[in-house]
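Some notes on the structure that comes next.
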Amino acid sequence: MAASPAATRADPSQGFTEVSLAESNFVVHRPYNVPISQRYSFDGKVRKLWVFSSDKPHTPESNTNPRTEIRMTGYDYSSGVWQFEGHGYVPSGTTGVSIMQVFGGGQRATTLMLHVYNGELRYYGGQVVEGNIYDRWFKLNVIHDVGASALTVFVDDVQKLSVAGRGGDSHYFKFGVYAQNNTSNCMESRWWGGVRILKKDN
């Protein structure tokens, strides 16, 4: 895997068509024993998602870590070239958390996850994608070319990461906060404006 060198800004959505999304496409997964209003808010402009390290998983049967995530529904895909776009914000102190993932992999549940550790956005817990991520709005674009098994990540319209996919037969996008390792007590991310899903034009 390799991060691209510094590059001029370019619109990653060129050549893609935005799909139609309604509020019903945004399904919140949160600790099963608390009301949604205690872990998620949306004022029509900003979606705020938070979770605590001591929280329950999203279902009583799950053994996974605590999360408050939005699972994008209605556009699961197994072929083609798809793109997630969102404007995110991570407050200082949030660490040990995934804020975005492409679900569906061969040997593991995901084909890409973006974690935040101590102010850095990382590919899983490893390679730094973007530093100094705290307390600022950033534009995030993730492109998944299923046929080529390739993923590309842009931050503020600059390519920051290009990695191979991890297999899997079906995929979808998620964003929010999902506890990983060495977490802070409270984990939070915010998403401003219209989160978009786009599909590459044929």
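Just remember, in the structure tokens the first chain shown is A, the second B, etc., residues are 1-based per chain, and ligands are 1-based in the order shown.
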- Message: Neighbouring residues of Pro31 of chain A were defined as those with any atom within 9 Å, considering only C-alpha atoms; residues of the same chain fewer than 6 positions away were excluded. Please report them as a PyMOL selection string.
- Response: chain A and resi 39+51+55-60+66-68
- Could you name the residues that touch Trp50 of chain A at 7 Å or less, counting only C-alpha atoms, but leaving out those on the same chain fewer than 6 positions away, as a PyMOL selection string? chain A and resi 39-40+68+177+186-189
- Item | Two-atom distance - atom CA of Gln180 of chain A, atom CA of Asn65 of chain A (Å) | 7.0 Å
- Go through A:Tyr123, A:Trp137, A:Phe84, A:Phe175 and flag the residue nearest Val27 of chain A, using only C-alpha atoms for the distances. A:Phe175
- Message: Applying 8 Å and only C-alpha atoms, which residues near Asp157 of chain A remain after dropping the ones on its own chain fewer than 6 positions away? List them as a ChimeraX atom specification.
- Response: /A:9-12,139-141
Residues just named, written with N, CA and C atoms as a short mmCIF file (atom, residue, chain, number, x, y, z; two decimals), in the first residue's frame:
data_model
loop_
_atom_site.label_atom_id
_atom_site.label_comp_id
_atom_site.auth_asym_id
_atom_site.auth_seq_id
_atom_site.Cartn_x
_atom_site.Cartn_y
_atom_site.Cartn_z
N ARG A 9 -5.32 19.87 -6.02
CA ARG A 9 -6.70 19.48 -5.71
C ARG A 9 -7.46 19.16 -6.99
N ALA A 10 -8.31 18.15 -6.88
CA ALA A 10 -9.18 17.77 -7.99
C ALA A 10 -10.45 17.20 -7.40
N ASP A 11 -11.54 17.37 -8.11
CA ASP A 11 -12.84 16.90 -7.63
C ASP A 11 -12.95 15.40 -7.88
N PRO A 12 -12.91 14.56 -6.83
CA PRO A 12 -12.99 13.11 -7.03
C PRO A 12 -14.32 12.64 -7.60
N LYS A 139 -13.16 17.25 4.12
CA LYS A 139 -13.95 16.54 3.11
C LYS A 139 -13.32 15.18 2.86
N LEU A 140 -14.12 14.14 2.94
CA LEU A 140 -13.62 12.77 2.79
C LEU A 140 -14.33 12.09 1.61
N ASN A 141 -13.54 11.62 0.66
CA ASN A 141 -14.06 10.83 -0.46
C ASN A 141 -13.35 9.48 -0.48
#
- Task: Counting only C-alpha atoms, figure out which residue out of A:Val155, A:Val28, A:Val128, A:Val97 gets nearest to Val116 of chain A.
- Result: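 Using only C-alpha atoms, the shortest distance to Val116 of chain A belongs to A:Val97.
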- Spatial neighbours of Gly96 of chain A, 8 Å, only C-alpha atoms, chain gap at least 3 places, as a list in words: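 Everything that qualifies: His115, Val116, Tyr117, Asn118, Ala179, Gln180, Asn181, Asn182, Thr183 and Ser184 of chain A.
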Since we have the selection now, will you write its residues out, keeping C-alpha atoms, as a PDB file, in the first residue's frame?
ATOM      1  CA  HIS A 115      -9.451   5.009  12.249  1.00  0.00           C
ATOM      2  CA  VAL A 116      -8.560   8.019  14.369  1.00  0.00           C
ATOM      3  CA  TYR A 117      -5.659   7.683  16.795  1.00  0.00           C
ATOM      4  CA  ASN A 118      -4.353  10.730  18.651  1.00  0.00           C
ATOM      5  CA  ALA A 179     -14.670   1.637  19.093  1.00  0.00           C
ATOM      6  CA  GLN A 180     -11.391  -0.098  18.203  1.00  0.00           C
ATOM      7  CA  ASN A 181      -8.266  -0.290  20.417  1.00  0.00           C
ATOM      8  CA  ASN A 182      -7.031   1.984  23.219  1.00  0.00           C
ATOM      9  CA  THR A 183     -10.192   4.040  23.039  1.00  0.00           C
ATOM     10  CA  SER A 184     -11.034   7.278  24.750  1.00  0.00           C
TER      11      SER A 184
END
- Contacts of Gly88 of chain A at 10 Å or less, counting only C-alpha atoms, minus same-chain residues fewer than 4 places along, as an MDAnalysis selection string? chainID A and resid 46:48 99:100 133 135:140 175:176 189:193 195
- Query: Of the residues A:Phe16, A:Tyr77, A:Trp82, A:Phe42, which is the one nearest to Leu151 of chain A, using only C-alpha atoms?
  - Reply: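 Checking each candidate against Leu151 of chain A, we get A:Trp82 as the closest.
Of the residues under consideration (A:Met113, A:Lys199, A:Ile143, A:Thr8), A:Met113 shows the shortest atom-to-atom contact distance to Gln127 of chain A when counting only C-alpha atoms.
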- Note on the structure: What separates atom CA of Tyr172 of chain A and atom CA of Leu49 of chain A is a distance of 18.8 Å
- Task: Among the residues of chain A, find those DSSP assigns to helix (DSSP H, G or I) from the backbone and print them as a PyMOL selection string.
- Result: chain A and resi 23-25+36-38
Dump as a PDB file, in the first residue's frame, selection limited to C-alpha atoms:
ATOM      1  CA  GLU A  23     -33.517   9.884   5.314  1.00  0.00           C
ATOM      2  CA  SER A  24     -34.642   6.246   5.286  1.00  0.00           C
ATOM      3  CA  ASN A  25     -31.301   5.331   3.678  1.00  0.00           C
ATOM      4  CA  ILE A  36     -31.276   6.825  19.805  1.00  0.00           C
ATOM      5  CA  SER A  37     -31.457  10.409  21.099  1.00  0.00           C
ATOM      6  CA  GLN A  38     -28.796   9.591  23.717  1.00  0.00           C
TER       7      GLN A  38
END
- Task: Might you pull out every residue within 6 Å of Met72 of chain A, with only C-alpha atoms counted and same-chain residues fewer than 3 positions away left off, and present them as a ChimeraX atom specification?
- Result: /A:25-26,173-174
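Atom CA of Thr17 of chain A sits 17.5 Å away from atom CA of Ser78 of chain A.
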